[in-house]
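Source file: run.txt (compact mmCIF, C-alpha atoms)
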# COMPACT_ATOMS: atom_id res chain seq x y z
CA MET D 30 -53.65 -26.88 52.26
CA ALA D 31 -50.10 -27.13 51.05
CA GLU D 32 -50.08 -30.74 52.27
CA ASN D 33 -52.72 -31.83 49.84
CA THR D 34 -51.58 -30.16 46.67
CA PHE D 35 -49.84 -31.60 43.66
CA HIS D 36 -48.52 -30.17 40.46
CA VAL D 37 -50.71 -30.20 37.38
CA GLU D 38 -49.90 -29.17 33.84
CA VAL D 39 -52.46 -28.72 31.12
CA ILE D 40 -50.71 -28.43 27.79
CA THR D 41 -52.06 -28.11 24.27
CA PRO D 42 -50.16 -27.89 20.99
CA GLU D 43 -50.77 -24.13 21.11
CA LYS D 44 -49.75 -23.26 24.63
CA VAL D 45 -49.30 -24.21 28.24
CA LEU D 46 -52.72 -23.50 29.72
CA ILE D 47 -52.08 -24.32 33.36
CA SER D 48 -48.96 -25.15 35.32
CA ASP D 49 -49.80 -24.87 38.99
CA GLU D 50 -50.11 -26.50 42.40
CA VAL D 51 -53.71 -27.60 42.86
CA ASN D 52 -55.88 -29.64 45.21
CA SER D 53 -57.77 -31.82 42.81
CA VAL D 54 -58.48 -32.41 39.15
CA GLU D 55 -61.52 -34.05 37.60
CA VAL D 56 -60.75 -35.59 34.25
CA PRO D 57 -62.98 -37.01 31.48
CA GLY D 58 -61.26 -40.36 30.93
CA ALA D 59 -61.98 -42.65 28.01
CA HIS D 60 -63.81 -45.00 30.38
CA GLY D 61 -65.59 -42.41 32.45
CA GLU D 62 -64.77 -39.47 34.59
CA PHE D 63 -62.43 -39.69 37.54
CA GLN D 64 -60.92 -37.45 40.12
CA ILE D 65 -57.24 -37.15 40.91
CA LEU D 66 -56.00 -36.12 44.34
CA THR D 67 -52.44 -36.02 45.54
CA GLY D 68 -50.73 -39.41 45.87
CA HIS D 69 -52.80 -41.04 43.15
CA THR D 70 -51.39 -44.29 41.81
CA PRO D 71 -49.56 -44.01 38.45
CA PHE D 72 -52.07 -44.01 35.71
CA LEU D 73 -52.12 -43.45 31.99
CA THR D 74 -55.29 -42.96 30.02
CA SER D 75 -56.63 -41.42 26.89
CA LEU D 76 -59.22 -38.71 27.34
CA LYS D 77 -62.48 -38.08 25.59
CA ILE D 78 -64.26 -34.86 24.79
CA GLY D 79 -65.46 -33.40 28.04
CA LEU D 80 -65.06 -31.14 31.00
CA LEU D 81 -61.90 -30.82 33.00
CA THR D 82 -62.23 -29.27 36.45
CA VAL D 83 -59.20 -28.00 38.28
CA THR D 84 -59.71 -27.08 41.93
CA LYS D 85 -57.26 -24.88 43.72
CA GLY D 86 -58.37 -23.89 47.21
CA VAL D 87 -61.78 -22.31 46.75
CA GLU D 88 -61.16 -21.47 43.13
CA LYS D 89 -62.52 -23.77 40.44
CA ILE D 90 -61.37 -23.59 36.86
CA LEU D 91 -63.55 -25.21 34.22
CA ILE D 92 -61.85 -26.26 31.02
CA SER D 93 -63.38 -27.75 27.94
CA ILE D 94 -61.09 -30.26 26.27
CA SER D 95 -61.46 -32.30 23.10
CA GLY D 96 -59.59 -35.48 23.83
CA GLY D 97 -55.98 -36.10 24.65
CA TYR D 98 -53.90 -38.02 27.17
CA CYS D 99 -53.45 -37.87 30.89
CA GLU D 100 -50.46 -39.14 32.80
CA VAL D 101 -50.79 -39.35 36.55
CA MET D 102 -47.84 -39.69 38.90
CA PRO D 103 -48.18 -39.38 42.69
CA GLU D 104 -46.61 -35.91 42.73
CA LYS D 105 -47.48 -34.68 39.29
CA THR D 106 -50.23 -34.89 36.71
CA THR D 107 -49.75 -34.01 33.08
CA ILE D 108 -52.71 -33.49 30.81
CA LEU D 109 -51.93 -33.31 27.12
CA ALA D 110 -55.07 -32.08 25.43
CA HIS D 111 -55.68 -31.75 21.70
CA THR D 112 -57.45 -28.49 22.43
CA ALA D 113 -58.36 -26.84 25.72
CA GLU D 114 -60.28 -23.68 26.51
CA THR D 115 -61.26 -22.28 29.86
CA ALA D 116 -64.89 -21.30 30.28
CA LYS D 117 -63.89 -17.65 30.06
CA GLN D 118 -62.23 -18.13 26.70
CA ILE D 119 -65.16 -19.84 25.04
CA ASP D 120 -67.08 -17.74 22.58
CA LYS D 121 -70.67 -18.84 23.11
CA ALA D 122 -71.96 -17.51 19.81
CA ARG D 123 -69.25 -19.32 17.90
CA ALA D 124 -69.84 -22.56 19.76
CA GLU D 125 -73.56 -22.26 19.08
CA ALA D 126 -72.91 -21.71 15.37
CA ALA D 127 -70.56 -24.71 15.28
CA ARG D 128 -73.25 -26.83 16.94
CA LYS D 129 -75.88 -25.80 14.35
CA ARG D 130 -73.48 -26.45 11.49
CA ALA D 131 -72.56 -29.90 12.75
CA GLN D 132 -76.22 -30.73 13.42
CA SER D 133 -77.27 -29.74 9.92
CA ARG D 134 -74.42 -31.77 8.45
CA ILE D 135 -75.60 -34.82 10.36
CA ASP D 136 -79.17 -34.21 9.24
CA ASN D 137 -78.10 -34.01 5.62
CA ALA D 138 -75.76 -36.98 5.78
CA GLU D 139 -78.35 -39.39 4.42
CA LYS D 140 -78.84 -37.41 1.24
CA ASP D 141 -75.27 -36.27 0.72
CA SER D 142 -72.73 -39.08 0.77
CA SER D 143 -69.78 -36.68 0.72
CA ILE D 144 -70.40 -35.80 4.36
CA ASP D 145 -68.20 -37.61 6.84
CA ILE D 146 -70.74 -38.49 9.52
CA ASP D 147 -68.15 -39.51 12.13
CA ARG D 148 -66.38 -36.20 11.80
CA ALA D 149 -69.64 -34.27 11.97
CA GLN D 150 -70.67 -36.16 15.08
CA LEU D 151 -67.37 -35.41 16.77
CA ALA D 152 -67.70 -31.76 15.81
CA LEU D 153 -71.18 -31.73 17.34
CA LEU D 154 -69.88 -33.29 20.56
CA ARG D 155 -67.14 -30.71 20.80
CA ALA D 156 -69.55 -27.85 20.23
CA ILE D 157 -72.03 -29.17 22.81
CA ASN D 158 -69.20 -29.66 25.28
CA ARG D 159 -68.06 -26.07 24.84
CA ILE D 160 -71.56 -24.74 25.35
CA LYS D 161 -72.03 -26.89 28.45
CA THR D 162 -68.75 -25.69 29.91
CA LYS D 163 -69.72 -22.09 29.27
CA ASN D 164 -73.12 -22.50 30.88
CA MET D 165 -71.78 -24.10 34.03
CA LYS D 166 -70.05 -20.98 35.08
CA MET A 29 -9.18 -1.02 -18.48
CA ALA A 30 -12.91 -1.49 -18.77
CA THR A 31 -14.71 1.12 -20.77
CA ILE A 32 -17.12 3.50 -19.13
CA ARG A 33 -20.08 1.83 -20.78
CA GLU A 34 -19.09 -1.58 -19.54
CA ILE A 35 -18.73 -0.35 -15.98
CA LYS A 36 -22.07 1.38 -16.18
CA ARG A 37 -23.71 -1.80 -17.37
CA ARG A 38 -22.24 -3.76 -14.47
CA ILE A 39 -23.43 -1.16 -11.98
CA THR A 40 -26.98 -1.52 -13.29
CA ALA A 41 -26.75 -5.31 -13.12
CA VAL A 42 -25.46 -5.34 -9.56
CA LYS A 43 -28.12 -2.86 -8.50
CA SER A 44 -30.95 -5.00 -9.81
CA THR A 45 -29.49 -8.11 -8.21
CA GLN A 46 -29.29 -6.21 -4.96
CA LYS A 47 -32.95 -5.30 -5.24
CA ILE A 48 -33.80 -8.98 -5.52
CA THR A 49 -31.64 -10.06 -2.60
CA ARG A 50 -33.05 -7.29 -0.45
CA ALA A 51 -36.61 -8.32 -1.29
CA MET A 52 -35.79 -11.94 -0.52
CA GLN A 53 -34.29 -10.92 2.77
CA MET A 54 -37.44 -9.09 3.75
CA VAL A 55 -39.67 -11.97 2.73
CA ALA A 56 -37.49 -14.36 4.73
CA ALA A 57 -37.63 -12.03 7.73
CA ALA A 58 -41.43 -11.96 7.64
CA LYS A 59 -41.65 -15.73 7.27
CA LEU A 60 -39.09 -16.21 9.99
CA ARG A 61 -41.17 -14.23 12.44
CA ARG A 62 -44.18 -16.44 11.83
CA ALA A 63 -42.15 -19.65 11.86
CA GLN A 64 -40.50 -18.58 15.08
CA GLU A 65 -43.83 -17.96 16.79
CA ASN A 66 -45.07 -21.36 15.66
CA ILE A 67 -42.08 -23.28 16.92
CA ILE A 68 -42.05 -21.52 20.26
CA LYS A 69 -45.70 -22.38 20.78
CA ALA A 70 -45.26 -25.99 19.69
CA ARG A 71 -42.20 -26.78 21.78
CA PRO A 72 -43.63 -27.23 25.31
CA TYR A 73 -46.31 -29.66 24.14
CA ALA A 74 -43.92 -31.72 22.03
CA ILE A 75 -41.28 -31.87 24.73
CA THR A 76 -43.73 -32.80 27.49
CA LEU A 77 -45.38 -35.46 25.37
CA ASP A 78 -42.02 -36.95 24.45
CA ARG A 79 -40.85 -36.95 28.05
CA THR A 80 -44.11 -38.44 29.32
CA ILE A 81 -43.92 -41.29 26.86
CA ALA A 82 -40.24 -41.89 27.53
CA GLN A 83 -41.02 -42.13 31.23
CA VAL A 84 -43.88 -44.50 30.69
CA ALA A 85 -41.79 -46.58 28.29
CA MET A 86 -39.05 -46.79 30.90
CA ARG A 87 -41.40 -48.68 33.18
CA THR A 88 -42.99 -50.92 30.61
CA LYS A 89 -41.96 -54.18 29.06
CA ARG A 90 -40.77 -53.29 25.62
CA ASP A 91 -42.45 -56.09 23.75
CA VAL A 92 -45.87 -54.65 24.47
CA HIS A 93 -45.94 -52.85 21.16
CA PRO A 94 -43.90 -53.26 17.94
CA LEU A 95 -43.05 -49.54 17.87
CA LEU A 96 -41.58 -49.87 21.34
CA ALA A 97 -39.70 -53.13 20.86
CA ASP A 98 -35.96 -52.99 21.34
CA HIS A 99 -33.70 -54.05 18.48
CA PRO A 100 -30.38 -54.78 20.17
CA GLU A 101 -28.74 -55.88 16.92
CA ASN A 102 -28.87 -52.85 14.75
CA HIS A 103 -28.51 -53.95 11.15
CA LYS A 104 -30.80 -51.82 9.13
CA THR A 105 -31.23 -48.13 9.77
CA LEU A 106 -33.47 -45.60 8.11
CA LEU A 107 -31.88 -42.17 8.08
CA VAL A 108 -34.36 -39.33 7.69
CA VAL A 109 -32.64 -36.20 6.39
CA VAL A 110 -34.56 -32.96 6.72
CA THR A 111 -33.39 -30.27 4.29
CA ALA A 112 -35.14 -27.32 2.69
CA ASP A 113 -37.10 -27.31 -0.54
CA SER A 114 -35.25 -24.34 -1.94
CA GLY A 115 -31.70 -23.08 -1.98
CA LEU A 116 -30.35 -19.57 -1.49
CA CYS A 117 -30.11 -20.01 2.24
CA GLY A 118 -26.39 -20.05 2.84
CA GLY A 119 -24.89 -23.20 4.26
CA PHE A 120 -28.20 -24.56 5.52
CA ASN A 121 -28.58 -27.44 3.08
CA THR A 122 -24.85 -28.02 2.66
CA ASN A 123 -24.35 -28.44 6.40
CA ILE A 124 -27.07 -30.98 6.84
CA ILE A 125 -26.02 -32.94 3.76
CA ARG A 126 -22.42 -32.94 4.94
CA SER A 127 -23.39 -34.33 8.30
CA ALA A 128 -25.61 -36.93 6.62
CA ARG A 129 -22.63 -38.03 4.56
CA SER A 130 -20.38 -38.32 7.56
CA TYR A 131 -23.13 -40.32 9.28
CA LEU A 132 -23.14 -42.69 6.31
CA GLU A 133 -19.35 -42.82 6.41
CA GLU A 134 -19.25 -43.66 10.12
CA ASN A 135 -21.79 -46.44 9.77
CA ARG A 136 -20.39 -48.06 6.67
CA ASP A 137 -20.75 -51.55 8.08
CA LYS A 138 -24.48 -51.13 8.52
CA ASP A 139 -27.25 -51.14 6.01
CA ILE A 140 -28.51 -47.57 5.86
CA LYS A 141 -31.32 -46.39 3.70
CA LEU A 142 -32.33 -42.79 3.17
CA PHE A 143 -35.61 -41.02 3.59
CA CYS A 144 -35.47 -37.45 2.33
CA ILE A 145 -37.64 -34.62 3.52
CA GLY A 146 -37.12 -31.49 1.43
CA ARG A 147 -36.25 -31.28 -2.24
CA LYS A 148 -32.61 -30.23 -1.87
CA GLY A 149 -31.57 -33.32 0.03
CA ARG A 150 -33.47 -35.67 -2.23
CA ASP A 151 -31.94 -34.17 -5.38
CA PHE A 152 -28.46 -34.31 -3.92
CA PHE A 153 -28.60 -37.95 -2.84
CA ARG A 154 -30.28 -38.92 -6.05
CA ARG A 155 -27.32 -37.51 -7.96
CA LEU A 156 -25.02 -39.58 -5.77
CA GLU A 157 -27.12 -42.57 -6.78
CA LEU A 158 -27.78 -43.63 -3.22
CA GLU A 159 -30.89 -45.57 -2.52
CA ILE A 160 -33.73 -43.36 -1.35
CA VAL A 161 -36.59 -45.44 -0.03
CA GLY A 162 -38.98 -42.57 0.46
CA SER A 163 -39.27 -38.84 0.25
CA LYS A 164 -41.54 -35.94 1.01
CA VAL A 165 -40.77 -32.80 -0.94
CA LEU A 166 -42.09 -29.41 -1.97
CA PHE A 167 -44.39 -28.61 0.90
CA PHE A 168 -42.44 -26.23 3.15
CA ASN A 169 -44.06 -23.22 1.52
CA HIS A 170 -47.42 -24.25 2.91
CA LEU A 171 -46.40 -26.28 5.91
CA LYS A 172 -49.37 -28.04 7.50
CA TYR A 173 -49.81 -30.55 10.29
CA ALA A 174 -51.06 -33.00 7.66
CA ASP A 175 -47.56 -33.00 6.14
CA ALA A 176 -46.14 -34.34 9.37
CA VAL A 177 -48.88 -36.98 9.51
CA GLU A 178 -48.09 -38.09 5.99
CA ALA A 179 -44.33 -38.30 6.54
CA VAL A 180 -44.86 -40.29 9.75
CA ALA A 181 -47.25 -42.67 8.01
CA GLN A 182 -44.59 -43.43 5.39
CA ILE A 183 -41.81 -43.85 7.93
CA LYS A 184 -43.91 -46.01 10.23
CA ASP A 185 -44.90 -48.19 7.32
CA LEU A 186 -41.27 -48.68 6.29
CA PHE A 187 -40.25 -49.43 9.87
CA LEU A 188 -42.91 -52.06 10.44
CA ASN A 189 -43.04 -53.69 7.01
CA ASP A 190 -39.46 -53.48 5.81
CA ARG A 191 -38.00 -54.54 9.14
CA TYR A 192 -35.81 -51.62 9.99
CA ASP A 193 -34.10 -51.75 13.36
CA ARG A 194 -33.86 -48.08 13.88
CA VAL A 195 -34.97 -44.72 12.51
CA ASP A 196 -32.74 -41.68 12.97
CA VAL A 197 -33.70 -38.16 12.02
CA LEU A 198 -31.15 -35.54 11.09
CA TYR A 199 -32.43 -31.98 11.21
CA ASN A 200 -31.68 -28.37 12.08
CA GLU A 201 -32.95 -27.08 15.38
CA PHE A 202 -33.85 -23.43 15.51
CA LYS A 203 -31.80 -21.47 18.00
CA SER A 204 -31.92 -17.92 16.75
CA ALA A 205 -32.16 -16.13 13.42
CA ILE A 206 -28.45 -16.55 12.88
CA ALA A 207 -27.82 -19.87 14.58
CA GLN A 208 -29.05 -23.38 13.95
CA ILE A 209 -27.98 -26.54 15.70
CA LEU A 210 -27.66 -29.80 13.84
CA ARG A 211 -29.42 -32.58 15.69
CA THR A 212 -29.67 -36.31 15.33
CA LYS A 213 -32.64 -37.85 17.05
CA GLN A 214 -33.56 -41.47 17.31
CA MET A 215 -37.21 -41.65 16.42
CA LEU A 216 -37.86 -45.39 16.45
CA PRO A 217 -37.87 -47.52 18.41
CA LEU A 218 -38.79 -45.19 21.18
CA VAL A 219 -35.99 -44.36 23.60
CA PRO A 220 -37.06 -44.82 27.21
CA ALA A 221 -36.01 -42.16 29.66
CA GLU A 222 -32.80 -42.65 31.59
CA THR A 223 -33.17 -42.88 35.32
CA GLU A 224 -30.64 -41.82 37.83
CA GLU A 225 -32.14 -43.93 40.60
CA ALA A 226 -32.50 -47.68 40.39
CA LEU A 227 -35.47 -48.43 38.21
CA THR A 228 -38.59 -48.49 40.28
CA PRO A 229 -41.09 -50.66 38.53
CA ILE A 230 -44.34 -48.81 38.82
CA ASP A 231 -47.44 -50.53 37.69
CA TYR A 232 -49.26 -48.01 35.67
CA ILE A 233 -52.96 -48.49 35.31
CA TYR A 234 -53.84 -48.21 31.65
CA GLU A 235 -57.20 -47.25 30.33
CA PRO A 236 -58.56 -48.90 28.17
CA ASP A 237 -55.51 -51.26 28.20
CA GLU A 238 -51.79 -51.11 27.69
CA TYR A 239 -51.74 -52.06 24.03
CA THR A 240 -54.55 -49.72 23.00
CA VAL A 241 -52.99 -46.79 24.81
CA PHE A 242 -49.62 -47.33 23.17
CA ASP A 243 -51.17 -48.06 19.83
CA THR A 244 -52.70 -44.59 19.68
CA LEU A 245 -50.23 -42.72 21.85
CA ILE A 246 -46.99 -43.68 20.07
CA PRO A 247 -48.10 -42.79 16.52
CA TYR A 248 -49.59 -39.57 17.88
CA ASN A 249 -46.31 -38.75 19.56
CA LEU A 250 -44.41 -39.48 16.34
CA GLU A 251 -46.64 -37.05 14.49
CA ILE A 252 -46.13 -34.36 17.09
CA GLN A 253 -42.37 -34.92 17.11
CA MET A 254 -42.25 -34.82 13.32
CA TRP A 255 -44.34 -31.68 13.33
CA ARG A 256 -41.91 -30.10 15.71
CA ILE A 257 -38.94 -31.17 13.55
CA LEU A 258 -40.56 -29.67 10.46
CA LEU A 259 -41.27 -26.42 12.28
CA GLU A 260 -37.72 -26.31 13.67
CA SER A 261 -36.26 -26.93 10.25
CA HIS A 262 -38.49 -24.38 8.58
CA ALA A 263 -37.67 -21.66 11.09
CA SER A 264 -33.97 -22.46 10.77
CA GLU A 265 -34.19 -22.31 7.01
CA MET A 266 -35.82 -18.89 7.10
CA GLY A 267 -33.20 -17.66 9.56
CA ALA A 268 -30.41 -18.96 7.34
CA LYS A 269 -32.03 -17.45 4.28
CA MET A 270 -32.43 -14.09 5.92
CA THR A 271 -28.79 -14.05 7.02
CA ALA A 272 -27.57 -15.20 3.61
CA MET A 273 -29.61 -12.59 1.76
CA ASP A 274 -28.51 -9.90 4.17
CA ALA A 275 -24.89 -10.80 3.43
CA ALA A 276 -25.61 -10.82 -0.30
CA THR A 277 -27.14 -7.33 -0.12
CA GLU A 278 -24.14 -6.17 1.86
CA ASN A 279 -21.73 -7.67 -0.67
CA ALA A 280 -23.60 -6.01 -3.50
CA ASN A 281 -23.08 -2.70 -1.70
CA ASP A 282 -19.33 -3.27 -1.46
CA LEU A 283 -19.20 -4.21 -5.11
CA LEU A 284 -21.16 -1.09 -6.04
CA ASN A 285 -18.71 1.09 -4.14
CA ILE A 286 -15.74 -0.38 -5.98
CA LEU A 287 -17.50 -0.11 -9.33
CA THR A 288 -18.51 3.50 -8.71
CA ILE A 289 -14.94 4.44 -7.89
CA SER A 290 -13.56 2.84 -11.04
CA TYR A 291 -16.39 4.43 -13.03
CA ASN A 292 -15.45 7.88 -11.72
CA ARG A 293 -11.78 7.22 -12.37
CA ALA A 294 -12.47 6.19 -15.93
CA ARG A 295 -14.62 9.27 -16.42
CA GLN A 296 -11.96 11.53 -14.97
CA ALA A 297 -9.27 9.96 -17.18
CA LEU A 298 -11.45 10.56 -20.22
CA ILE A 299 -12.01 14.20 -19.35
CA THR A 300 -8.32 14.75 -18.65
CA LYS A 301 -7.50 13.14 -21.96
CA GLU A 302 -10.00 15.36 -23.80
CA ILE A 303 -8.69 18.53 -22.15
CA SER A 304 -5.10 17.69 -22.95
CA GLU A 305 -6.15 16.99 -26.53
CA ILE A 306 -7.89 20.35 -26.78
CA VAL A 307 -4.95 22.14 -25.16
CA GLY A 308 -2.56 20.31 -27.42
CA GLY A 309 -4.69 21.22 -30.44
CA ALA A 310 -4.83 24.89 -29.43
CA GLU A 311 -1.09 24.96 -28.85
CA GLY A 312 -0.61 23.56 -32.32
CA LEU A 313 -2.75 26.31 -33.88
CA LYS A 314 -0.77 29.11 -32.18
CA VAL A 315 2.39 28.36 -34.01
Structure translated into structure tokens:
Amino acid sequence: MAENTFHVEVITPEKVLISDEVNSVEVPGAHGEFQILTGHTPFLTSLKIGLLTVTKGVEKILISISGGYCEVMPEKTTILAHTAETAKQIDKARAEAARKRAQSRIDNAEKDSSIDIDRAQLALLRAINRIKTKNMK
Amino acid sequence: MATIREIKRRITAVKSTQKITRAMQMVAAAKLRRAQENIIKARPYAITLDRTIAQVAMRTKRDVHPLLADHPENHKTLLVVVTADSGLCGGFNTNIIRSARSYLEENRDKDIKLFCIGRKGRDFFRRLELEIVGSKVLFFNHLKYADAVEAVAQIKDLFLNDRYDRVDVLYNEFKSAIAQILRTKQMLPLVPAETEEALTPIDYIYEPDEYTVFDTLIPYNLEIQMWRILLESHASEMGAKMTAMDAATENANDLLNILTISYNRARQALITKEISEIVGGAEGLKV
């Protein structure tokens, strides 16, 4: 197992979420999801809102991220996320409430011009992503 | 010698000043704790992001993006000086202003313009009648990420439109409550990482493409770095303020001790004088 591991760091402005030797990472890239194994070619991409899966041995950690950057080097991968929460940390009720709020803002956007529809849509995506991550567990 | 009433009045004055300095010390201590937590949380992200970009920049052609382009002939520099908005924090502002002045002195032959963050620095350089091309003041009390975004937007704009060759930032880095380190950091153009081994040109794969990645990544990094600088400076300021106010409270105590002694002496002298007057008077009556 030790042969096939590489170092991964998941860092957000708030804290260092993961800094560990792992087997594989699945990342939501801007142009679609991809998997990183050890020895991956150098790679730099922006990330979109989505699910990050870190596999270490038999253990799988699901993390919901809301965009960021990912730098891949053969020996080391660094994921700089704007926000990141593991499935355990997600508060389902709060995520659900955020989803409803964003949805209602989008629904009202036609009547109320003060609503920023792009922001509301992003908020909705983030909320849905959190709920999805929570449910996958 | 000062009269008893005068001494008493001074004692009252010193005591009320001491109350103020003590209160300010406690406020600074509370703010320091919060600022310290913030900076410690923000550091790993900012450092990693900076290092990542420096490493990527090291392996990229520098003309890919204007914010990355090298300016070998450095003619025009923008010096960003980060001071505090308020005084009463010991040598905090003085130190940074002094080092800004020696920076200006050392680079006399170059064209250096100032960008001031924090009211103290702006007011000082304005009095010196130096040209200040931009400033961001009076926000440290409610420091938000948006402040960093705004400052970066201004600086980036100046860099790209007014053809600066370099942007340096002068700020205080937080070390502990009683120690700050003065730092000068080159913000623009981006400094690629130094390599110990011969440069291995690695072809990164960029998604979506090189320009787009840098176009969002570099400004984002600038914001994060600026945010870190503001947090560092704020925490340092609160540390300096706490130390300064602690010293002031301590000095007030010393002063009070001296004043109390001279008050007691004056009182004793008065009593002695009165007694000797009474005794003298009584002696006079006996005869």
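Set the cut-off at 7 Å, count only C-alpha atoms, and the residues of chain A near chain D turn out to be Lys69, Ala70, Tyr73, Asp231, Tyr232, Ile233, Tyr234, Glu235, Pro236 and Val241 of chain A.
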Residue contacts of range 117-132 of chain D (10 Å, only C-alpha atoms) excluding same-chain residues fewer than 4 positions away, as a PyMOL selection string: chain D and resi 90-93+113+136-138+146+148-164+166
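Nearest-residue note for Asn66 in chain A: choosing from A:Val219, A:Leu259, A:Ile32, A:Ile286, the minimum distance belongs to A:Leu259, counting all atoms listed in the file.
Here CA of Gly267 in chain A is placed at a distance of 23.9 Å from CA of Ser163 in chain A.
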What separation in Å, quoted to one decimal, exists between CA of Leu283 in chain A and CA of Gln53 in chain A? 18.3 Å
Using all atoms listed in the file, which protein or nucleic acid residues come within 8 Å of Glu201 in chain A? Drop anything in the same chain fewer than 4 positions from it, and give the result as a VMD selection string. chain A and resid 208 to 211 257 260 to 261 264
May I have the selected residues written with C-alpha atoms, as a PDB file, in the coordinates of the input?
ATOM      1  CA  GLN A 208     -29.050 -23.380  13.950  1.00  0.00           C
ATOM      2  CA  ILE A 209     -27.980 -26.540  15.700  1.00  0.00           C
ATOM      3  CA  LEU A 210     -27.660 -29.800  13.840  1.00  0.00           C
ATOM      4  CA  ARG A 211     -29.420 -32.580  15.690  1.00  0.00           C
ATOM      5  CA  ILE A 257     -38.940 -31.170  13.550  1.00  0.00           C
ATOM      6  CA  GLU A 260     -37.720 -26.310  13.670  1.00  0.00           C
ATOM      7  CA  SER A 261     -36.260 -26.930  10.250  1.00  0.00           C
ATOM      8  CA  SER A 264     -33.970 -22.460  10.770  1.00  0.00           C
TER       9      SER A 264
END
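Relative to CA of Ser204 in chain A, CA of Pro72 in chain A is found at 17.2 Å.
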